[in-house]
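**Student:** Below is upload.pdb; it holds PDB, C-alpha atoms.
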ATOM      1  CA  MET H   1      76.794 103.371  91.389
ATOM      2  CA  TRP H   2      75.851 106.373  93.569
ATOM      3  CA  HIS H   3      76.672 105.406  97.185
ATOM      4  CA  HIS H   4      77.121 101.757  96.190
ATOM      5  CA  ASP H   5      79.959 101.198  98.677
ATOM      6  CA  LEU H   6      78.192 103.208 101.371
ATOM      7  CA  GLY H   7      75.153 100.955 101.101
ATOM      8  CA  LEU H   8      77.307  97.905 101.766
ATOM      9  CA  LEU H   9      79.152  99.587 104.624
ATOM     10  CA  TYR H  10      75.897 100.774 106.173
ATOM     11  CA  ARG H  11      74.371  97.288 106.174
ATOM     12  CA  GLU H  12      77.548  95.731 107.562
ATOM     13  CA  GLN H  13      77.765  98.311 110.332
ATOM     14  CA  ALA H  14      74.071  97.880 111.125
ATOM     15  CA  SER H  15      74.693  94.162 111.482
ATOM     16  CA  PHE H  16      77.512  94.924 113.913
ATOM     17  CA  TYR H  17      75.298  97.262 115.938
ATOM     18  CA  ALA H  18      72.707  94.470 116.152
ATOM     19  CA  GLY H  19      75.337  92.191 117.706
ATOM     20  CA  GLN H  20      75.855  90.042 114.613
ATOM     21  CA  TYR H  21      79.365  89.756 113.197
ATOM     22  CA  PRO H  22      79.160  91.001 109.574
ATOM     23  CA  ALA H  23      80.758  87.921 108.004
ATOM     24  CA  ALA H  24      78.830  84.666 107.935
ATOM     25  CA  GLU H  25      81.929  82.486 107.822
ATOM     26  CA  ALA H  26      83.249  83.885 111.113
ATOM     27  CA  ARG H  27      79.987  82.771 112.764
ATOM     28  CA  GLY H  28      80.218  79.292 111.283
ATOM     29  CA  GLU H  29      77.488  79.951 108.712
ATOM     30  CA  LEU H  30      77.618  79.517 104.966
ATOM     31  CA  THR H  31      75.502  82.510 103.963
ATOM     32  CA  LEU H  32      74.544  85.834 105.464
ATOM     33  CA  ALA H  33      71.199  87.448 104.740
ATOM     34  CA  ALA H  34      70.794  90.859 103.103
ATOM     35  CA  GLY H  35      74.265  90.848 101.583
ATOM     36  CA  HIS H  36      76.174  91.536 104.822
ATOM     37  CA  GLN H  37      79.572  90.229 103.809
ATOM     38  CA  SER H  38      82.276  92.455 105.220
ATOM     39  CA  ASP H  39      85.949  91.824 104.560
ATOM     40  CA  TYR H  40      87.103  94.322 107.173
ATOM     41  CA  PRO H  41      89.058  93.164 110.246
ATOM     42  CA  PRO H  42      87.225  93.084 113.602
ATOM     43  CA  TYR H  43      88.729  96.318 114.938
ATOM     44  CA  SER H  44      87.348  98.246 111.948
ATOM     45  CA  PHE H  45      83.743  98.147 113.144
ATOM     46  CA  PRO H  46      84.345 100.187 116.323
ATOM     47  CA  LEU H  47      86.555 102.563 114.314
ATOM     48  CA  ALA H  48      83.729 103.112 111.816
ATOM     49  CA  MET H  49      81.289 104.327 114.467
ATOM     50  CA  PRO H  50      81.996 108.087 114.048
ATOM     51  CA  TRP H  51      81.365 107.849 110.286
ATOM     52  CA  LEU H  52      78.318 105.550 110.469
ATOM     53  CA  LEU H  53      76.635 106.541 113.698
ATOM     54  CA  PRO H  54      74.429 103.979 115.463
ATOM     55  CA  GLY H  55      70.703 104.562 115.239
ATOM     56  CA  LEU H  56      70.711 106.532 111.987
ATOM     57  CA  GLY H  57      68.337 105.489 109.239
ATOM     58  CA  TRP H  58      69.625 105.089 105.703
ATOM     59  CA  GLY H  59      68.694 108.613 104.626
ATOM     60  CA  ALA H  60      70.250 110.299 107.654
ATOM     61  CA  ALA H  61      73.325 108.094 107.402
ATOM     62  CA  ARG H  62      73.877 109.192 103.793
ATOM     63  CA  VAL H  63      73.625 112.842 104.746
ATOM     64  CA  TRP H  64      75.997 112.466 107.690
ATOM     65  CA  PHE H  65      78.545 110.390 105.768
ATOM     66  CA  THR H  66      78.543 112.797 102.827
ATOM     67  CA  ALA H  67      79.051 115.717 105.219
ATOM     68  CA  CYS H  68      82.023 113.889 106.738
ATOM     69  CA  GLN H  69      83.425 113.243 103.261
ATOM     70  CA  LEU H  70      83.108 116.908 102.309
ATOM     71  CA  ALA H  71      84.811 117.965 105.543
ATOM     72  CA  ALA H  72      87.622 115.502 104.817
ATOM     73  CA  ALA H  73      87.908 116.842 101.268
ATOM     74  CA  ALA H  74      88.246 120.357 102.698
ATOM     75  CA  VAL H  75      91.095 119.134 104.929
ATOM     76  CA  VAL H  76      92.957 117.484 102.039
ATOM     77  CA  VAL H  77      92.472 120.430  99.664
ATOM     78  CA  ALA H  78      93.498 122.891 102.385
ATOM     79  CA  PHE H  79      96.618 120.810 103.020
ATOM     80  CA  ALA H  80      97.618 121.058  99.348
ATOM     81  CA  TRP H  81      96.790 124.772  99.201
ATOM     82  CA  MET H  82      98.731 125.652 102.354
ATOM     83  CA  ARG H  83     101.814 123.616 101.455
ATOM     84  CA  GLY H  84     101.836 125.102  97.964
ATOM     85  CA  ARG H  85     101.288 128.609  99.311
ATOM     86  CA  GLU H  86     104.482 128.255 101.347
ATOM     87  CA  GLU H  87     106.305 128.466  98.005
ATOM     88  CA  ASN H  88     103.979 130.783  96.106
ATOM     89  CA  ALA H  89     100.306 131.776  96.290
ATOM     90  CA  ARG H  90      99.723 130.687  92.694
ATOM     91  CA  LEU H  91     101.239 127.292  93.436
ATOM     92  CA  GLY H  92      98.810 126.915  96.328
ATOM     93  CA  TRP H  93      95.839 127.342  94.031
ATOM     94  CA  LEU H  94      97.410 125.071  91.410
ATOM     95  CA  LEU H  95      97.894 122.231  93.904
ATOM     96  CA  ALA H  96      94.410 122.716  95.371
ATOM     97  CA  GLY H  97      92.999 122.446  91.863
ATOM     98  CA  GLY H  98      95.125 119.368  91.280
ATOM     99  CA  VAL H  99      93.558 117.642  94.262
ATOM    100  CA  LEU H 100      90.047 118.605  93.135
ATOM    101  CA  ALA H 101      90.828 117.131  89.712
ATOM    102  CA  MET H 102      91.883 113.720  91.065
ATOM    103  CA  THR H 103      89.762 110.830  89.836
ATOM    104  CA  GLY H 104      90.053 109.261  93.280
ATOM    105  CA  LEU H 105      88.228 112.225  94.813
ATOM    106  CA  ARG H 106      85.282 111.914  92.462
ATOM    107  CA  ALA H 107      85.223 108.120  92.822
ATOM    108  CA  ASP H 108      85.179 108.317  96.617
ATOM    109  CA  LEU H 109      82.300 110.807  96.673
ATOM    110  CA  LEU H 110      80.417 108.770  94.084
ATOM    111  CA  PHE H 111      80.750 105.364  95.731
ATOM    112  CA  GLY H 112      80.650 106.543  99.347
ATOM    113  CA  ASN H 113      83.936 104.954 100.356
ATOM    114  CA  TYR H 114      86.324 105.578 103.245
ATOM    115  CA  GLY H 115      89.214 106.842 101.074
ATOM    116  CA  LEU H 116      88.731 110.574 101.707
ATOM    117  CA  LEU H 117      88.241 110.107 105.432
ATOM    118  CA  MET H 118      91.389 107.998 105.737
ATOM    119  CA  THR H 119      93.438 110.447 103.637
ATOM    120  CA  ALA H 120      92.363 113.335 105.863
ATOM    121  CA  LEU H 121      93.487 111.340 108.907
ATOM    122  CA  LEU H 122      96.853 110.676 107.261
ATOM    123  CA  VAL H 123      97.184 114.407 106.560
ATOM    124  CA  ALA H 124      96.472 115.026 110.257
ATOM    125  CA  MET H 125      99.068 112.408 111.162
ATOM    126  CA  GLY H 126     101.687 114.170 109.023
ATOM    127  CA  TRP H 127     100.800 117.517 110.574
ATOM    128  CA  ALA H 128     101.270 116.056 114.058
ATOM    129  CA  LEU H 129     104.599 114.429 113.160
ATOM    130  CA  GLU H 130     105.951 117.727 111.834
ATOM    131  CA  ARG H 131     105.230 119.269 115.221
ATOM    132  CA  GLY H 132     106.514 116.368 117.292
ATOM    133  CA  ARG H 133     103.056 115.483 118.618
ATOM    134  CA  TRP H 134     103.575 111.753 118.610
ATOM    135  CA  SER H 135     100.460 110.805 120.563
ATOM    136  CA  MET H 136      98.203 112.788 118.232
ATOM    137  CA  ALA H 137      99.968 111.245 115.246
ATOM    138  CA  GLY H 138      99.382 107.776 116.676
ATOM    139  CA  VAL H 139      95.671 108.397 117.189
ATOM    140  CA  ALA H 140      95.287 109.663 113.617
ATOM    141  CA  TRP H 141      97.229 106.678 112.287
ATOM    142  CA  VAL H 142      95.070 104.170 114.163
ATOM    143  CA  GLY H 143      92.001 105.901 112.727
ATOM    144  CA  SER H 144      93.414 105.531 109.203
ATOM    145  CA  LEU H 145      93.661 101.765 109.696
ATOM    146  CA  LEU H 146      89.882 101.488 109.494
ATOM    147  CA  LYS H 147      90.686 100.865 105.837
ATOM    148  CA  PRO H 148      93.864  98.815 106.383
ATOM    149  CA  GLN H 149      95.385  99.201 102.927
ATOM    150  CA  MET H 150      95.351 103.000 103.323
ATOM    151  CA  GLY H 151      97.334 103.431 106.515
ATOM    152  CA  TRP H 152      99.321 100.264 107.145
ATOM    153  CA  LEU H 153     102.653 101.238 105.552
ATOM    154  CA  PHE H 154     102.693 104.603 107.338
ATOM    155  CA  ALA H 155     103.873 102.609 110.353
ATOM    156  CA  MET H 156     107.310 103.086 108.781
ATOM    157  CA  LEU H 157     107.196 106.762 109.810
ATOM    158  CA  PHE H 158     107.150 105.717 113.465
ATOM    159  CA  LEU H 159     110.406 103.771 113.329
ATOM    160  CA  SER H 160     112.304 105.989 115.755
ATOM    161  CA  ARG H 161     113.049 106.015 119.454
ATOM    162  CA  ARG H 162     109.840 107.862 120.315
ATOM    163  CA  GLY H 163     107.850 106.296 117.498
ATOM    164  CA  TRP H 164     108.269 102.747 118.781
ATOM    165  CA  ARG H 165     106.165 103.579 121.817
ATOM    166  CA  VAL H 166     103.424 104.852 119.523
ATOM    167  CA  LEU H 167     103.505 101.605 117.529
ATOM    168  CA  VAL H 168     103.212  99.512 120.678
ATOM    169  CA  ALA H 169     100.330 101.644 121.974
ATOM    170  CA  ALA H 170      98.612 101.445 118.577
ATOM    171  CA  ALA H 171      98.947  97.645 118.513
ATOM    172  CA  VAL H 172      97.421  97.422 121.996
ATOM    173  CA  ALA H 173      94.564  99.735 120.967
ATOM    174  CA  LEU H 174      93.802  97.717 117.822
ATOM    175  CA  ALA H 175      93.870  94.449 119.751
ATOM    176  CA  ALA H 176      91.529  95.898 122.372
ATOM    177  CA  LEU H 177      89.102  97.142 119.706
ATOM    178  CA  ALA H 178      89.164  93.729 118.009
ATOM    179  CA  LEU H 179      88.411  91.959 121.290
ATOM    180  CA  VAL H 180      85.559  94.367 122.043
ATOM    181  CA  ALA H 181      84.079  93.791 118.571
ATOM    182  CA  CYS H 182      84.319  90.018 118.994
ATOM    183  CA  TRP H 183      82.801  90.143 122.465
ATOM    184  CA  TRP H 184      79.931  92.299 121.238
ATOM    185  CA  THR H 185      79.145  89.945 118.337
ATOM    186  CA  ASP H 186      79.745  86.707 120.279
ATOM    187  CA  VAL H 187      82.626  85.387 118.167
ATOM    188  CA  THR H 188      86.294  84.898 118.980
ATOM    189  CA  LEU H 189      89.384  86.115 117.182
ATOM    190  CA  LEU H 190      90.163  82.467 116.521
ATOM    191  CA  ASP H 191      86.783  82.103 114.798
ATOM    192  CA  VAL H 192      87.606  85.066 112.583
ATOM    193  CA  VAL H 193      91.090  83.787 111.686
ATOM    194  CA  ARG H 194      89.975  80.222 111.029
ATOM    195  CA  SER H 195      87.021  81.287 108.883
ATOM    196  CA  LYS H 196      89.301  82.588 106.087
ATOM    197  CA  TYR H 197      86.427  84.804 104.944
ATOM    198  CA  SER H 198      88.974  87.407 103.850
ATOM    199  CA  SER H 199      89.788  85.133 100.890
ATOM    200  CA  ARG H 200      87.107  87.158  99.072
ATOM    201  CA  VAL H 201      89.689  89.943  98.898
ATOM    202  CA  SER H 202      91.763  87.642  96.697
ATOM    203  CA  VAL H 203      88.873  87.498  94.239
ATOM    204  CA  MET H 204      88.529  91.295  94.214
ATOM    205  CA  MET H 205      92.206  91.648  93.357
ATOM    206  CA  LEU H 206      91.470  90.029  90.010
ATOM    207  CA  TYR H 207      89.020  92.749  88.939
ATOM    208  CA  PRO H 208      90.493  94.634  85.952
ATOM    209  CA  GLU H 209      90.016  98.082  87.519
ATOM    210  CA  ARG H 210      92.136  97.241  90.616
ATOM    211  CA  ILE H 211      95.423  98.509  89.219
ATOM    212  CA  SER H 212      98.503  97.824  91.354
ATOM    213  CA  LEU H 213     101.587  95.630  91.317
ATOM    214  CA  VAL H 214      99.393  92.958  92.913
ATOM    215  CA  SER H 215      96.993  92.999  89.966
ATOM    216  CA  VAL H 216      99.904  92.925  87.511
ATOM    217  CA  LEU H 217     101.306  89.774  89.107
ATOM    218  CA  THR H 218      97.921  88.074  89.378
ATOM    219  CA  SER H 219      97.217  88.897  85.728
ATOM    220  CA  ALA H 220     100.517  87.177  84.902
ATOM    221  CA  GLY H 221      99.252  84.032  86.606
ATOM    222  CA  MET H 222     100.537  84.329  90.179
ATOM    223  CA  ASP H 223      98.163  83.225  92.920
ATOM    224  CA  ALA H 224      96.599  86.230  94.671
ATOM    225  CA  GLY H 225      97.315  84.680  98.066
ATOM    226  CA  LEU H 226     101.021  84.814  97.202
ATOM    227  CA  ALA H 227     101.051  88.091  95.255
ATOM    228  CA  LEU H 228      99.625  90.229  98.067
ATOM    229  CA  PRO H 229     102.113  89.282 100.838
ATOM    230  CA  LEU H 230     104.985  89.276  98.352
ATOM    231  CA  CYS H 231     104.205  92.818  97.216
ATOM    232  CA  ALA H 232     103.592  93.961 100.791
ATOM    233  CA  LEU H 233     106.974  92.639 101.925
ATOM    234  CA  GLY H 234     108.602  94.217  98.881
ATOM    235  CA  GLY H 235     106.976  97.538  99.752
ATOM    236  CA  ILE H 236     108.180  97.352 103.340
ATOM    237  CA  GLY H 237     111.714  96.569 102.183
ATOM    238  CA  ALA H 238     111.789  99.347  99.607
ATOM    239  CA  ALA H 239     110.408 101.915 102.039
ATOM    240  CA  ALA H 240     112.830 100.878 104.777
ATOM    241  CA  VAL H 241     115.875 101.136 102.511
ATOM    242  CA  VAL H 242     115.022 104.610 101.227
ATOM    243  CA  LEU H 243     113.854 105.982 104.579
ATOM    244  CA  LEU H 244     117.035 104.789 106.292
ATOM    245  CA  THR H 245     119.370 106.094 103.571
ATOM    246  CA  ARG H 246     118.478 108.887 101.161
ATOM    247  CA  LEU H 247     115.480 110.176 103.134
ATOM    248  CA  ARG H 248     116.907 109.612 106.596
ATOM    249  CA  THR H 249     116.862 113.340 107.393
ATOM    250  CA  ALA H 250     114.173 114.375 104.912
ATOM    251  CA  THR H 251     111.049 116.345 105.817
ATOM    252  CA  PRO H 252     107.953 114.468 107.032
ATOM    253  CA  LEU H 253     106.248 115.471 103.768
ATOM    254  CA  ALA H 254     108.950 113.804 101.656
ATOM    255  CA  ARG H 255     108.863 110.674 103.788
ATOM    256  CA  ALA H 256     105.059 110.513 103.657
ATOM    257  CA  ALA H 257     105.131 110.980  99.873
ATOM    258  CA  LEU H 258     107.477 108.029  99.486
ATOM    259  CA  VAL H 259     105.498 105.754 101.810
ATOM    260  CA  ALA H 260     102.135 106.657 100.268
ATOM    261  CA  THR H 261     103.352 106.072  96.716
ATOM    262  CA  ILE H 262     104.903 102.699  97.550
ATOM    263  CA  ASN H 263     101.712 101.816  99.401
ATOM    264  CA  ARG H 264      99.583 102.641  96.367
ATOM    265  CA  ILE H 265     101.791 100.512  94.121
ATOM    266  CA  CYS H 266     102.381  97.483  96.331
ATOM    267  CA  THR H 267      98.971  96.875  97.941
ATOM    268  CA  TYR H 268      95.491  95.993  96.743
ATOM    269  CA  HIS H 269      93.564  99.210  95.998
ATOM    270  CA  ASN H 270      90.674 100.652  94.045
ATOM    271  CA  ALA H 271      90.264 104.050  92.392
ATOM    272  CA  CYS H 272      89.215 105.782  95.624
ATOM    273  CA  ASP H 273      92.625 105.033  97.126
ATOM    274  CA  ASP H 274      94.452 107.103  94.495
ATOM    275  CA  LEU H 275      94.041 109.904  97.042
ATOM    276  CA  LEU H 276      97.175 108.465  98.685
ATOM    277  CA  LEU H 277      99.097 110.221  95.913
ATOM    278  CA  VAL H 278      98.207 113.664  97.293
ATOM    279  CA  PHE H 279     101.450 113.696  99.305
ATOM    280  CA  ALA H 280     103.561 113.065  96.202
ATOM    281  CA  LEU H 281     101.497 115.629  94.254
ATOM    282  CA  VAL H 282     102.265 118.324  96.832
ATOM    283  CA  LEU H 283     105.939 117.404  97.203
ATOM    284  CA  LEU H 284     106.632 117.270  93.465
ATOM    285  CA  GLY H 285     104.633 120.451  92.886
ATOM    286  CA  ARG H 286     106.741 122.324  95.429
ATOM    287  CA  GLN H 287     109.991 120.986  93.992
ATOM    288  CA  ALA H 288     108.988 121.779  90.429
ATOM    289  CA  TRP H 289     108.024 125.326  91.389
ATOM    290  CA  ALA H 290     111.313 125.872  93.236
TER     291      ALA H 290
END
Write out the structure in this file as structure tokens.
**Tutor:**
Amino acid sequence: MWHHDLGLLYREQASFYAGQYPAAEARGELTLAAGHQSDYPPYSFPLAMPWLLPGLGWGAARVWFTACQLAAAAVVVAFAWMRGREENARLGWLLAGGVLAMTGLRADLLFGNYGLLMTALLVAMGWALERGRWSMAGVAWVGSLLKPQMGWLFAMLFLSRRGWRVLVAAAVALAALALVACWWTDVTLLDVVRSKYSSRVSVMMLYPERISLVSVLTSAGMDAGLALPLCALGGIGAAAVVLLTRLRTATPLARAALVATINRICTYHNACDDLLLVFALVLLGRQAWA
């Protein structure tokens, strides 16, 4: 399974670069040659360009992507080390080791997935929010939406007077990227919506290794098309209640830990996305040490 996911992502992105939308159904076709069958939303393909540069062959793309993953891993490990070190130097090393021991880290490097890259962007978003740099936080958050199930619920951290403007700007940016992607590949957003090609995600939710509340409900017999929005709405409600009450004046780290954990529970995920739990790992480590 070495770079299994990366191989799929590379072929899908290459299809996009060639001006062909990487989902046959969106183009009104039944099948797509060479296994190009992306389930990502249209805006994701422009967002993926820094990680899968145009013009790179497969070998060079693997080297570049792995280098980006390792840089992202350094960011996430450094985040845990620095936040632990604020309490005690030994705690810093303990938390850094905890991150390095996460199964999600190994899985992401093995498969060549976006999980590490998105987690590093979420760490950058949290860093910017702590310093009141709302624009920088918004840019990092939009970048994390390349893999939608990683960053989507972090929108809850922007529910403030200044944050609303970031959300509006982010929505405009995502819409613009989607329109550019559709224009480049000669499809329309209506074609993408009507194609329902994302129904393949419903099938992936039924895989036994996709452990979340969604998979629990689908295993109990609930239709995946109902389980996913139901869990997502439940996650939004739970996060809103806690953020507006007990964590109303909490630190950005505590708020991010809550949102990330609810996100991991209430949305479709695979093992790579366990990296979302790094915020809770750091928060609980600091509290336990204190």
**Student:** Could you pull the residues within 8 Å of Cys182 (chain H), counting only C-alpha atoms, minus those fewer than 5 positions along the same chain, as a list in words?
**Tutor:**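 In the requested form, the answer reads Tyr21, Pro42, Val187, Thr188 and Leu189 of chain H.
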**Student:** Could you give me the centre and size, in Å to one decimal, of an axis-aligned box around all listed atoms of region 86-90 of chain H with 5 Å added on every side, as lines of an AutoDock Vina configuration file?
**Tutor:**
center_x = 103.0
center_y = 130.0
center_z = 97.0
size_x = 16.6
size_y = 13.5
size_z = 18.7
**Student:** Can you list what the PyMOL selection byres ((chain H and resi 73) around 8) grabs from this structure, as JSON, numbers by chain?
**Tutor:** {"H": [69, 70, 71, 72, 74, 75, 76, 77, 105, 116, 117, 120]}
**Student:** Taking into account only C-alpha atoms, which residue in the set H:Asn263, H:Thr103, H:Thr119, H:Gln287 is nearest to Ala155 (chain H)?
**Tutor:**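 Closest candidate: H:Asn263.
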**Student:** Interatomic distance between CA of Ala256 (chain H) and CA of Phe154 (chain H)?
**Tutor:**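 Distance reported for this atom pair: 7.4 Å.
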**Student:** Rank nothing, just name the residue among H:Phe45, H:Trp152, H:Phe158, H:Phe16 nearest to Arg255 (chain H), using only C-alpha atoms.
**Tutor:** H:Phe158
**Student:** Could you check which of H:Ala137, H:Leu129, H:Leu6, H:Ala239 is closest to Ala48 (chain H), using only C-alpha atoms?
**Tutor:**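 Smallest distance to Ala48 (chain H) is found for H:Leu6.
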**Student:** My list of candidates is H:Trp134, H:Leu121, H:Ala67, H:Leu217. Which is closest to Pro229 (chain H) when distances are computed with all atoms listed in the file?
**Tutor:**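 Between H:Trp134, H:Leu121, H:Ala67, H:Leu217, the residue approaching Pro229 (chain H) most closely is H:Leu217.
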**Student:** Evaluating the PyMOL selection byres ((chain H and resi 90-94) around 10) on the displayed file yields which residues, as a compact mmCIF listing (two decimals) with C-alpha atoms, in the coordinates of the input?
**Tutor:**
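Result went into expr-v4.txt, see below:
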# COMPACT_ATOMS: atom_id res chain seq x y z
CA VAL H 77 92.47 120.43 99.66
CA ALA H 78 93.50 122.89 102.38
CA PHE H 79 96.62 120.81 103.02
CA ALA H 80 97.62 121.06 99.35
CA TRP H 81 96.79 124.77 99.20
CA MET H 82 98.73 125.65 102.35
CA ARG H 83 101.81 123.62 101.46
CA GLY H 84 101.84 125.10 97.96
CA ARG H 85 101.29 128.61 99.31
CA GLU H 86 104.48 128.26 101.35
CA GLU H 87 106.30 128.47 98.00
CA ASN H 88 103.98 130.78 96.11
CA ALA H 89 100.31 131.78 96.29
CA LEU H 95 97.89 122.23 93.90
CA ALA H 96 94.41 122.72 95.37
CA GLY H 97 93.00 122.45 91.86
CA GLY H 98 95.12 119.37 91.28
CA VAL H 99 93.56 117.64 94.26
CA LEU H 100 90.05 118.60 93.14
CA VAL H 282 102.26 118.32 96.83
CA GLY H 285 104.63 120.45 92.89
CA ARG H 286 106.74 122.32 95.43
CA ALA H 288 108.99 121.78 90.43
CA TRP H 289 108.02 125.33 91.39
**Student:** For CA of Leu276 (chain H) and CA of Gly225 (chain H), quote the distance in Å rounded to one decimal.
**Tutor:**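 Result for CA of Leu276 (chain H) versus CA of Gly225 (chain H): 23.8 Å, one decimal.
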**Student:** Applying 12 Å and all atoms listed in the file, which residues near region 169-171 of chain H remain after dropping the ones on its own chain fewer than 2 positions away? List them as a list in words.
**Tutor:**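 The contact residues come out as Tyr43, Trp134, Ser135, Met136, Ala137, Gly138, Val139, Ala140, Trp141, Val142, Gly143, Ser144, Leu145, Trp152, Ala155, Phe158, Arg162, Gly163, Trp164, Arg165, Val166, Leu167, Ala173, Leu174, Ala175, Ala176, Leu177 and Ala178 of chain H.
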**Student:** Rank nothing, just name the residue among H:Ser44, H:Ala227, H:Leu109, H:Arg161 nearest to Cys68 (chain H), using all atoms listed in the file.
**Tutor:**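 Using all atoms listed in the file, Cys68 (chain H) sits closest to H:Leu109.
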**Student:** Can you spell out as a PDB file with C-alpha atoms, keeping the file's coordinate frame the set of residues that the PyMOL selection byres ((chain H and resi 113) around 8) selects in the structure I just provided?
**Tutor:**
ATOM      1  CA  HIS H   3      76.672 105.406  97.185  1.00  0.00           C
ATOM      2  CA  ASP H   5      79.959 101.198  98.677  1.00  0.00           C
ATOM      3  CA  LEU H   6      78.192 103.208 101.371  1.00  0.00           C
ATOM      4  CA  ASP H 108      85.179 108.317  96.617  1.00  0.00           C
ATOM      5  CA  LEU H 109      82.300 110.807  96.673  1.00  0.00           C
ATOM      6  CA  PHE H 111      80.750 105.364  95.731  1.00  0.00           C
ATOM      7  CA  GLY H 112      80.650 106.543  99.347  1.00  0.00           C
ATOM      8  CA  TYR H 114      86.324 105.578 103.245  1.00  0.00           C
ATOM      9  CA  GLY H 115      89.214 106.842 101.074  1.00  0.00           C
ATOM     10  CA  LEU H 116      88.731 110.574 101.707  1.00  0.00           C
ATOM     11  CA  CYS H 272      89.215 105.782  95.624  1.00  0.00           C
TER      12      CYS H 272
END
**Student:** What does the structure give for the distance between CA of Leu213 (chain H) and CA of Arg194 (chain H), in Å to one decimal?
**Tutor:**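 Separating CA of Leu213 (chain H) from CA of Arg194 (chain H) is a distance of 27.6 Å.
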**Student:** Between H:Thr245, H:Pro22, H:Cys231, H:Leu110, which one has atoms that come closest to Asp39 (chain H), using only C-alpha atoms?
**Tutor:**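 Among the listed residues, the smallest separation from Asp39 (chain H) belongs to H:Pro22.
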**Student:** How would you write as a PyMOL selection string the residues that get within 7 Å of (77.4, 90.1, 118.9) in the file's frame, counting all atoms listed in the file?
**Tutor:** chain H and resi 16+18-21+182-186
